[in-house]
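As provided, structure03.cif (mmCIF, C-alpha atoms) reads as follows.
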data_run
loop_
_atom_site.label_atom_id
_atom_site.label_comp_id
_atom_site.auth_asym_id
_atom_site.auth_seq_id
_atom_site.Cartn_x
_atom_site.Cartn_y
_atom_site.Cartn_z
CA MET A 1 -13.51 -55.02 25.05
CA GLU A 2 -10.04 -53.89 26.06
CA THR A 3 -9.21 -50.76 28.00
CA ILE A 4 -6.02 -48.75 28.03
CA THR A 5 -5.30 -46.13 30.66
CA ALA A 6 -3.62 -42.94 29.48
CA LYS A 7 -1.59 -40.98 32.04
CA ILE A 8 -0.44 -37.67 30.63
CA LYS A 9 2.46 -36.46 32.77
CA SER A 10 2.63 -32.76 32.02
CA LYS A 11 -1.09 -32.22 32.60
CA ASP A 12 -1.44 -34.63 35.54
CA LYS A 13 -4.33 -36.07 33.57
CA GLU A 14 -5.60 -39.63 33.40
CA TYR A 15 -8.27 -41.07 31.13
CA ARG A 16 -9.32 -44.39 29.68
CA ILE A 17 -9.39 -45.58 26.09
CA PHE A 18 -11.90 -48.32 25.30
CA VAL A 19 -11.25 -50.51 22.25
CA GLY A 20 -13.55 -53.22 20.93
CA SER A 21 -16.80 -54.08 19.18
CA SER A 22 -20.27 -52.91 20.24
CA ILE A 23 -19.03 -50.56 22.95
CA LEU A 24 -21.04 -47.47 21.95
CA SER A 25 -23.72 -48.31 24.52
CA ARG A 26 -21.17 -47.97 27.35
CA ILE A 27 -20.85 -44.21 26.81
CA ASN A 28 -24.17 -43.60 28.57
CA GLU A 29 -23.00 -45.32 31.75
CA PHE A 30 -19.64 -43.52 31.59
CA ILE A 31 -21.34 -40.10 31.33
CA LYS A 32 -23.69 -40.88 34.21
CA GLN A 33 -20.76 -41.93 36.41
CA ASN A 34 -18.34 -39.15 35.47
CA HIS A 35 -20.36 -36.21 34.16
CA THR A 36 -23.61 -36.24 36.08
CA GLY A 37 -25.85 -33.25 35.40
CA LYS A 38 -23.90 -31.96 32.42
CA LYS A 39 -25.63 -30.80 29.25
CA VAL A 40 -24.47 -32.98 26.37
CA ALA A 41 -23.67 -31.69 22.90
CA VAL A 42 -22.77 -34.15 20.14
CA VAL A 43 -20.54 -32.74 17.42
CA ILE A 44 -20.88 -35.20 14.57
CA GLY A 45 -19.75 -35.52 10.96
CA GLU A 46 -22.44 -35.38 8.31
CA THR A 47 -21.62 -38.81 6.87
CA THR A 48 -21.44 -40.42 10.31
CA SER A 49 -24.81 -38.90 11.20
CA LYS A 50 -26.45 -40.34 8.09
CA LEU A 51 -25.06 -43.81 8.72
CA HIS A 52 -25.19 -44.12 12.49
CA LYS A 53 -27.49 -41.56 14.13
CA GLY A 54 -30.00 -44.30 15.02
CA ARG A 55 -27.32 -46.28 16.88
CA ILE A 56 -26.09 -43.16 18.61
CA MET A 57 -29.58 -42.15 19.74
CA SER A 58 -30.15 -45.67 21.08
CA ALA A 59 -26.98 -45.30 23.13
CA ILE A 60 -27.33 -41.76 24.53
CA GLY A 61 -30.74 -40.45 23.41
CA ASN A 62 -32.01 -40.46 26.99
CA LEU A 63 -29.43 -37.75 27.79
CA ASN A 64 -31.30 -35.39 25.45
CA PRO A 65 -28.17 -34.36 23.52
CA LEU A 66 -27.92 -31.37 21.23
CA PHE A 67 -26.69 -32.53 17.82
CA ILE A 68 -24.36 -30.23 15.90
CA THR A 69 -23.75 -31.66 12.43
CA VAL A 70 -20.58 -30.67 10.58
CA PRO A 71 -20.16 -31.08 6.79
CA SER A 72 -17.73 -33.83 5.84
CA GLY A 73 -14.28 -32.96 4.58
CA GLU A 74 -11.08 -31.18 5.56
CA SER A 75 -12.55 -27.78 4.66
CA SER A 76 -14.65 -27.95 7.84
CA LYS A 77 -11.48 -27.55 9.94
CA SER A 78 -11.82 -23.78 9.83
CA ARG A 79 -12.25 -20.73 12.00
CA GLU A 80 -15.73 -20.30 10.56
CA MET A 81 -16.89 -23.80 11.51
CA LYS A 82 -15.49 -23.49 15.03
CA GLU A 83 -17.46 -20.26 15.40
CA LYS A 84 -20.65 -21.97 14.21
CA ILE A 85 -20.22 -24.70 16.83
CA GLU A 86 -19.66 -22.11 19.56
CA ASP A 87 -22.67 -20.04 18.48
CA LYS A 88 -24.87 -23.14 18.42
CA LEU A 89 -23.80 -23.97 21.98
CA LEU A 90 -24.39 -20.41 23.17
CA ASP A 91 -27.75 -20.17 21.38
CA ASN A 92 -28.86 -23.27 23.30
CA LYS A 93 -27.70 -21.91 26.69
CA PHE A 94 -24.71 -24.21 27.12
CA GLY A 95 -22.19 -23.03 29.70
CA ARG A 96 -19.52 -24.44 31.98
CA ASP A 97 -21.79 -27.40 32.75
CA SER A 98 -21.33 -28.68 29.18
CA LEU A 99 -19.94 -31.96 27.90
CA ILE A 100 -19.01 -32.34 24.25
CA VAL A 101 -19.04 -35.76 22.58
CA ALA A 102 -17.12 -35.75 19.28
CA ILE A 103 -18.32 -38.51 16.93
CA GLY A 104 -16.55 -38.82 13.59
CA GLY A 105 -13.16 -38.89 11.94
CA GLY A 106 -10.08 -36.77 12.51
CA VAL A 107 -11.67 -33.56 11.25
CA ILE A 108 -14.43 -33.80 13.86
CA GLY A 109 -12.02 -34.71 16.66
CA ASP A 110 -9.63 -31.85 15.88
CA LEU A 111 -12.41 -29.29 15.41
CA ALA A 112 -14.60 -30.31 18.36
CA GLY A 113 -11.53 -30.71 20.57
CA PHE A 114 -10.42 -27.16 19.77
CA ALA A 115 -13.93 -25.84 20.46
CA ALA A 116 -14.08 -27.74 23.78
CA SER A 117 -10.68 -26.41 24.83
CA THR A 118 -11.75 -22.76 24.48
CA PHE A 119 -15.50 -22.82 25.14
CA ASN A 120 -16.03 -21.25 28.57
CA ARG A 121 -12.24 -21.65 28.96
CA GLY A 122 -12.48 -25.40 28.64
CA VAL A 123 -15.24 -28.00 28.96
CA PRO A 124 -14.76 -31.80 28.96
CA ILE A 125 -14.83 -33.81 25.75
CA ILE A 126 -15.26 -37.50 24.94
CA HIS A 127 -13.89 -38.74 21.62
CA VAL A 128 -15.73 -41.41 19.64
CA PRO A 129 -13.54 -41.97 16.56
CA THR A 130 -15.36 -43.59 13.65
CA THR A 131 -12.46 -44.01 11.20
CA LEU A 132 -9.33 -46.10 11.47
CA LEU A 133 -7.21 -42.96 11.15
CA ALA A 134 -8.96 -41.32 14.08
CA MET A 135 -8.81 -44.47 16.21
CA VAL A 136 -5.07 -44.97 15.88
CA ASP A 137 -3.96 -41.36 15.62
CA SER A 138 -5.97 -38.16 15.92
CA SER A 139 -8.15 -39.16 18.90
CA ILE A 140 -5.06 -40.08 20.94
CA GLY A 141 -2.81 -37.44 22.48
CA GLY A 142 -5.01 -34.38 22.76
CA LYS A 143 -3.93 -32.42 19.70
CA THR A 144 -6.63 -30.12 18.33
CA GLY A 145 -6.51 -27.69 15.46
CA ILE A 146 -7.87 -25.98 12.39
CA ASN A 147 -6.41 -25.23 8.98
CA THR A 148 -5.76 -21.86 7.34
CA ARG A 149 -4.57 -20.82 3.89
CA HIS A 150 -1.06 -20.78 5.40
CA GLY A 151 -1.06 -24.47 6.25
CA LYS A 152 -2.55 -27.32 8.26
CA ASN A 153 -3.13 -27.30 12.04
CA LEU A 154 -1.29 -24.00 12.52
CA ILE A 155 -3.91 -22.86 15.05
CA GLY A 156 -4.98 -25.14 17.88
CA THR A 157 -4.36 -26.44 21.38
CA THR A 158 -3.28 -29.56 23.25
CA TYR A 159 -6.35 -30.64 25.20
CA GLN A 160 -6.86 -34.14 26.59
CA PRO A 161 -10.28 -35.86 26.53
CA THR A 162 -11.94 -37.51 29.51
CA ALA A 163 -12.30 -40.77 27.55
CA VAL A 164 -11.98 -42.31 24.09
CA PHE A 165 -14.37 -44.98 22.81
CA ALA A 166 -12.97 -46.75 19.73
CA ASP A 167 -15.86 -48.94 18.58
CA MET A 168 -14.66 -51.14 15.72
CA ASP A 169 -18.21 -51.62 14.44
CA PHE A 170 -17.90 -48.19 12.81
CA LEU A 171 -15.19 -49.61 10.53
CA GLU A 172 -17.72 -51.91 8.82
CA THR A 173 -19.20 -48.98 6.87
CA LEU A 174 -15.88 -47.28 6.14
CA PRO A 175 -15.09 -46.98 2.41
CA ASP A 176 -11.94 -48.79 1.29
CA GLU A 177 -10.06 -45.58 0.53
CA GLU A 178 -10.87 -44.18 3.98
CA PHE A 179 -9.81 -47.46 5.61
CA LYS A 180 -6.46 -47.32 3.81
CA ASN A 181 -6.18 -43.71 4.94
CA GLY A 182 -5.79 -44.94 8.51
CA LEU A 183 -3.37 -47.71 7.62
CA ALA A 184 -0.78 -45.10 6.59
CA GLU A 185 -0.52 -43.97 10.22
CA VAL A 186 -0.21 -47.58 11.40
CA ILE A 187 2.64 -48.14 8.94
CA LYS A 188 4.26 -44.91 10.16
CA MET A 189 4.12 -46.00 13.78
CA SER A 190 5.70 -49.36 12.99
CA ILE A 191 8.56 -47.67 11.13
CA ILE A 192 9.38 -45.21 13.91
CA LYS A 193 8.68 -47.30 16.99
CA ASP A 194 8.11 -51.04 16.67
CA LYS A 195 9.82 -53.47 14.31
CA SER A 196 7.60 -56.30 15.57
CA LEU A 197 4.52 -54.36 14.48
CA PHE A 198 6.20 -53.73 11.12
CA GLU A 199 6.80 -57.46 10.67
CA SER A 200 3.21 -58.23 11.70
CA LEU A 201 1.94 -55.81 9.04
CA GLU A 202 4.16 -57.48 6.43
CA LYS A 203 2.89 -60.92 7.42
CA ASN A 204 -0.80 -60.10 7.83
CA HIS A 205 -1.37 -57.41 5.19
CA GLN A 206 -3.98 -59.45 3.30
CA LYS A 207 -6.02 -60.16 6.46
CA ILE A 208 -5.77 -56.50 7.48
CA LEU A 209 -7.00 -55.31 4.09
CA ALA A 210 -9.85 -57.84 4.40
CA ARG A 211 -10.67 -56.22 7.80
CA ASP A 212 -10.16 -59.32 9.91
CA LYS A 213 -11.50 -58.07 13.26
CA LYS A 214 -9.13 -60.06 15.43
CA ILE A 215 -6.02 -58.77 13.62
CA LEU A 216 -7.46 -55.26 13.38
CA GLN A 217 -8.20 -55.01 17.09
CA SER A 218 -4.68 -56.18 17.83
CA ILE A 219 -2.98 -53.59 15.61
CA ILE A 220 -5.30 -50.78 16.73
CA LYS A 221 -4.58 -51.56 20.38
CA ARG A 222 -0.83 -51.79 19.76
CA ASN A 223 -0.81 -48.54 17.81
CA ILE A 224 -2.62 -46.75 20.63
CA GLU A 225 -0.18 -48.16 23.19
CA LEU A 226 2.79 -46.96 21.14
CA LYS A 227 1.37 -43.50 20.65
CA LEU A 228 0.61 -43.23 24.36
CA GLU A 229 4.20 -44.17 25.23
CA VAL A 230 5.31 -41.14 23.25
CA VAL A 231 2.56 -38.73 24.33
CA GLN A 232 2.81 -39.62 28.02
CA GLU A 233 6.50 -38.81 27.91
CA ASP A 234 6.11 -35.58 25.93
CA ALA A 235 2.56 -34.22 25.92
CA GLU A 236 3.63 -30.76 24.70
CA GLU A 237 5.79 -31.95 21.75
CA LYS A 238 9.05 -30.52 23.07
CA GLY A 239 11.12 -33.62 22.33
CA LEU A 240 10.18 -37.26 21.76
CA ARG A 241 6.73 -36.50 20.35
CA GLN A 242 8.44 -35.06 17.28
CA ILE A 243 8.91 -38.63 16.01
CA LEU A 244 5.17 -38.85 15.29
CA ASN A 245 5.74 -36.34 12.49
CA PHE A 246 7.55 -38.86 10.28
CA GLY A 247 6.06 -38.46 6.80
CA HIS A 248 4.16 -35.35 7.85
CA THR A 249 6.57 -32.56 6.88
CA PHE A 250 6.21 -33.39 3.19
CA GLY A 251 2.70 -34.83 3.73
CA HIS A 252 1.23 -31.64 5.19
CA ALA A 253 2.84 -29.56 2.45
CA LEU A 254 1.31 -31.86 -0.16
CA GLU A 255 -2.12 -31.49 1.44
CA ALA A 256 -1.82 -27.70 1.34
CA TYR A 257 -0.54 -27.85 -2.26
CA CYS A 258 -3.64 -29.85 -3.25
CA LYS A 259 -5.91 -27.52 -1.24
CA TYR A 260 -6.81 -30.40 1.13
CA LYS A 261 -8.56 -32.34 -1.63
CA ILE A 262 -6.44 -35.45 -1.00
CA ARG A 263 -6.67 -37.81 1.95
CA HIS A 264 -4.31 -37.35 4.88
CA GLY A 265 -3.14 -40.98 4.78
CA TYR A 266 -2.27 -40.75 1.10
CA ALA A 267 -0.29 -37.56 1.76
CA VAL A 268 1.54 -39.19 4.69
CA SER A 269 2.38 -42.23 2.55
CA GLN A 270 3.96 -39.87 0.01
CA GLY A 271 5.77 -38.10 2.84
CA MET A 272 7.15 -41.41 4.11
CA LEU A 273 8.56 -42.10 0.64
CA VAL A 274 10.38 -38.75 0.58
CA GLU A 275 11.61 -38.91 4.16
CA THR A 276 12.76 -42.51 3.76
CA ARG A 277 14.76 -41.42 0.71
CA ILE A 278 16.26 -38.55 2.73
CA SER A 279 17.18 -40.96 5.55
CA ALA A 280 18.87 -43.35 3.13
CA ALA A 281 20.73 -40.61 1.26
CA ALA A 282 22.03 -39.25 4.58
CA GLY A 283 23.49 -42.67 5.39
CA ASN A 284 21.13 -43.32 8.28
CA LEU A 285 19.11 -46.15 6.74
CA SER A 286 20.44 -49.27 5.00
CA GLU A 287 19.48 -50.01 1.41
CA ASN A 288 17.74 -53.24 2.47
CA GLU A 289 15.56 -51.50 5.05
CA GLU A 290 14.82 -48.68 2.63
CA LYS A 291 13.49 -51.32 0.20
CA ARG A 292 11.41 -52.98 2.96
CA ILE A 293 9.76 -49.66 3.83
CA MET A 294 9.02 -48.96 0.18
CA ASN A 295 7.58 -52.46 -0.23
CA MET A 296 5.42 -52.02 2.88
CA ILE A 297 3.87 -48.88 1.42
CA LYS A 298 3.21 -50.77 -1.81
CA LEU A 299 1.68 -53.78 0.02
CA PHE A 300 -1.11 -51.59 1.34
CA GLY A 301 -1.91 -50.10 -2.03
CA PHE A 302 -0.19 -46.73 -1.86
CA PRO A 303 1.68 -45.46 -4.93
CA LEU A 304 5.47 -45.64 -4.91
CA ALA A 305 5.92 -42.55 -7.07
CA ILE A 306 5.04 -38.89 -6.63
CA ASN A 307 3.03 -37.20 -9.36
CA LEU A 308 5.37 -35.62 -11.89
CA ASP A 309 3.16 -32.52 -12.05
CA ILE A 310 3.83 -31.64 -8.39
CA GLY A 311 5.90 -28.45 -8.29
CA THR A 312 8.96 -29.21 -6.17
CA PRO A 313 9.90 -25.55 -5.42
CA THR A 314 6.32 -24.81 -4.28
CA ILE A 315 6.23 -27.91 -2.05
CA ILE A 316 9.55 -26.92 -0.45
CA GLU A 317 8.23 -23.41 0.18
CA LEU A 318 5.12 -24.85 1.84
CA MET A 319 7.34 -27.03 4.05
CA ASN A 320 9.12 -23.88 5.19
CA SER A 321 5.78 -22.69 6.64
CA ASP A 322 5.17 -25.95 8.51
CA LYS A 323 4.61 -25.47 12.24
CA LYS A 324 7.60 -27.73 12.95
CA SER A 325 9.95 -25.47 11.00
CA LEU A 326 12.58 -23.39 12.78
CA SER A 327 13.92 -20.16 11.27
CA ASN A 328 11.75 -20.87 8.21
CA LYS A 329 13.60 -24.14 7.54
CA PRO A 330 11.75 -27.49 7.46
CA ARG A 331 12.72 -30.26 9.86
CA PHE A 332 12.47 -33.98 9.25
CA VAL A 333 12.26 -37.13 11.32
CA LEU A 334 14.95 -39.46 9.98
CA ILE A 335 15.01 -43.25 10.29
CA ASP A 336 18.08 -45.09 11.62
CA ARG A 337 16.50 -48.49 11.12
CA ILE A 338 13.00 -49.95 11.11
CA GLY A 339 11.63 -49.34 14.58
CA ARG A 340 14.08 -46.57 15.52
CA VAL A 341 14.50 -42.93 14.55
CA LYS A 342 17.62 -40.81 14.61
CA SER A 343 18.06 -38.77 17.79
CA ARG A 344 20.73 -36.58 19.28
CA ASP A 345 20.74 -34.89 22.71
CA GLY A 346 16.95 -35.04 23.00
CA ILE A 347 16.39 -33.78 19.46
CA PHE A 348 14.33 -35.97 17.14
CA SER A 349 13.86 -33.83 14.03
CA PHE A 350 16.59 -32.30 11.91
CA GLU A 351 17.24 -29.65 9.31
CA VAL A 352 18.02 -31.05 5.87
CA GLU A 353 19.76 -29.15 3.11
CA LYS A 354 17.38 -27.84 0.46
CA ASP A 355 19.29 -29.65 -2.26
CA ALA A 356 18.93 -32.99 -0.45
CA ILE A 357 15.19 -32.44 -0.09
CA LYS A 358 14.89 -31.61 -3.77
CA LYS A 359 16.87 -34.71 -4.78
CA ALA A 360 14.69 -36.98 -2.62
CA ILE A 361 11.49 -35.55 -4.11
CA GLU A 362 12.77 -35.85 -7.66
CA LYS A 363 13.89 -39.44 -7.04
CA CYS A 364 10.40 -40.28 -5.79
CA LYS A 365 8.92 -38.72 -8.91
CA ASN A 366 11.03 -40.90 -11.17
CA ASP A 367 10.44 -44.24 -9.43
#
Could you quickly redo this structure as structure tokens?
Amino acid sequence: METITAKIKSKDKEYRIFVGSSILSRINEFIKQNHTGKKVAVVIGETTSKLHKGRIMSAIGNLNPLFITVPSGESSKSREMKEKIEDKLLDNKFGRDSLIVAIGGGVIGDLAGFAASTFNRGVPIIHVPTTLLAMVDSSIGGKTGINTRHGKNLIGTTYQPTAVFADMDFLETLPDEEFKNGLAEVIKMSIIKDKSLFESLEKNHQKILARDKKILQSIIKRNIELKLEVVQEDAEEKGLRQILNFGHTFGHALEAYCKYKIRHGYAVSQGMLVETRISAAAGNLSENEEKRIMNMIKLFGFPLAINLDIGTPTIIELMNSDKKSLSNKPRFVLIDRIGRVKSRDGIFSFEVEKDAIKKAIEKCKND
């Protein structure tokens, strides 16, 4: 097992991230040492509960936790589901002496994290991510949120956990499509922050897709370290943290367009196509590196073309509503070269002319 210490500057907060196999049992000891006497509530995804509740009870059953099961799927990231969690806690006499343990994918982490941040004005939370996407992305950095008909994650908080336990044993039962879902965020991180990671993904893509544990643990750990470098510098997303949105401006709009019936990683992979095209057209990215990024996306089984039926004007309008937009104009993270994004005077995302956005989308449709 490897541990990584997160030190979040703006919140003067420090917590540990545990990465490895068979580490679920260590949560009990951590709670006893750091949260003695607290009432424990486990917010868990329905699928995770069916597959792993026995393991979870073996690990923390002696703490007599209250289990709150949440239906699987993006539709659970809602005001209504947050209210149900809060009512369940209140019905069972939970108060400021509560500890929430979020066990599941990104939906559970975002939803339970938001509930923890507002319940009794904030109670501690431990994240136990069970998907690759949650391990490398959503469980790290403290972002919480829910979706509305206006867009994704438009309501939420930044609220750091007291610990993260990334147990790789959960990945053994992950469906292939869900596993690939997480790889999109790993690819993203390599493009924006670490050329060496990018080259490792190119070299080891077959082993990664075969879920080689040694390689997987290495890339998960590196991804977490890279994300922490960004988050520790800019916990409130006022500058550098903007780079983590590469692929997400178009990706989030696509998710909203499809009423959240597509996977986040697939949407981000499509967003990376569009935003790579925009970067190249703007003269920021060389043709060779543009091709390498496109090939990387293909290596991991993501499509290189956008569905012709996607309505470009509607997608652009949805991007205007994105939470990163300013003055109702979408902003994009642009790539200078693999491993480095464009920046200017502490700004890391930029307005792009509507016509350039449209051209990039149409080019991706015709590939």
Residue IDs satisfying the PyMOL selection byres ((chain A and resi 151-166) around 7), as a PyMOL selection string | chain A and resi 15-20+113-114+117+124-129+135+141-150+167-168+252+256+322-323
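Neighbouring residues of Thr314 in chain A at 10 Å or closer, counting only C-alpha atoms and skipping chain neighbours under 3 positions away, are Ala253, Leu254, Tyr257, Ile310, Gly311, Glu317, Leu318, Met319 and Asn320 of chain A.
Computed from the coordinates, the CA of Ile31 in chain A to CA of Lys7 in chain A distance equals 19.8 Å.
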Across A:Arg55, A:Lys77, A:Arg331, A:Lys354, the smallest distance to Tyr260 in chain A, with all atoms listed in the file counted, is shown by A:Lys77
Go through the shown structure with the PyMOL selection byres ((chain A and resi 173-180) around 12) and write out the matching residues as a compact mmCIF listing (two decimals) with C-alpha atoms, keeping the file's coordinate frame.
# COMPACT_ATOMS: atom_id res chain seq x y z
CA THR A 47 -21.62 -38.81 6.87
CA THR A 48 -21.44 -40.42 10.31
CA LYS A 50 -26.45 -40.34 8.09
CA LEU A 51 -25.06 -43.81 8.72
CA HIS A 52 -25.19 -44.12 12.49
CA GLY A 73 -14.28 -32.96 4.58
CA GLY A 104 -16.55 -38.82 13.59
CA GLY A 105 -13.16 -38.89 11.94
CA GLY A 106 -10.08 -36.77 12.51
CA PRO A 129 -13.54 -41.97 16.56
CA THR A 130 -15.36 -43.59 13.65
CA THR A 131 -12.46 -44.01 11.20
CA LEU A 132 -9.33 -46.10 11.47
CA LEU A 133 -7.21 -42.96 11.15
CA ALA A 134 -8.96 -41.32 14.08
CA MET A 135 -8.81 -44.47 16.21
CA VAL A 136 -5.07 -44.97 15.88
CA MET A 168 -14.66 -51.14 15.72
CA ASP A 169 -18.21 -51.62 14.44
CA PHE A 170 -17.90 -48.19 12.81
CA LEU A 171 -15.19 -49.61 10.53
CA GLU A 172 -17.72 -51.91 8.82
CA ASN A 181 -6.18 -43.71 4.94
CA GLY A 182 -5.79 -44.94 8.51
CA LEU A 183 -3.37 -47.71 7.62
CA ALA A 184 -0.78 -45.10 6.59
CA GLU A 185 -0.52 -43.97 10.22
CA VAL A 186 -0.21 -47.58 11.40
CA ILE A 187 2.64 -48.14 8.94
CA HIS A 205 -1.37 -57.41 5.19
CA ILE A 208 -5.77 -56.50 7.48
CA LEU A 209 -7.00 -55.31 4.09
CA ALA A 210 -9.85 -57.84 4.40
CA ARG A 211 -10.67 -56.22 7.80
CA LEU A 216 -7.46 -55.26 13.38
CA ILE A 262 -6.44 -35.45 -1.00
CA ARG A 263 -6.67 -37.81 1.95
CA HIS A 264 -4.31 -37.35 4.88
CA GLY A 265 -3.14 -40.98 4.78
CA TYR A 266 -2.27 -40.75 1.10
CA ALA A 267 -0.29 -37.56 1.76
CA VAL A 268 1.54 -39.19 4.69
CA SER A 269 2.38 -42.23 2.55
CA ILE A 297 3.87 -48.88 1.42
CA LYS A 298 3.21 -50.77 -1.81
CA LEU A 299 1.68 -53.78 0.02
CA PHE A 300 -1.11 -51.59 1.34
CA GLY A 301 -1.91 -50.10 -2.03
CA PHE A 302 -0.19 -46.73 -1.86
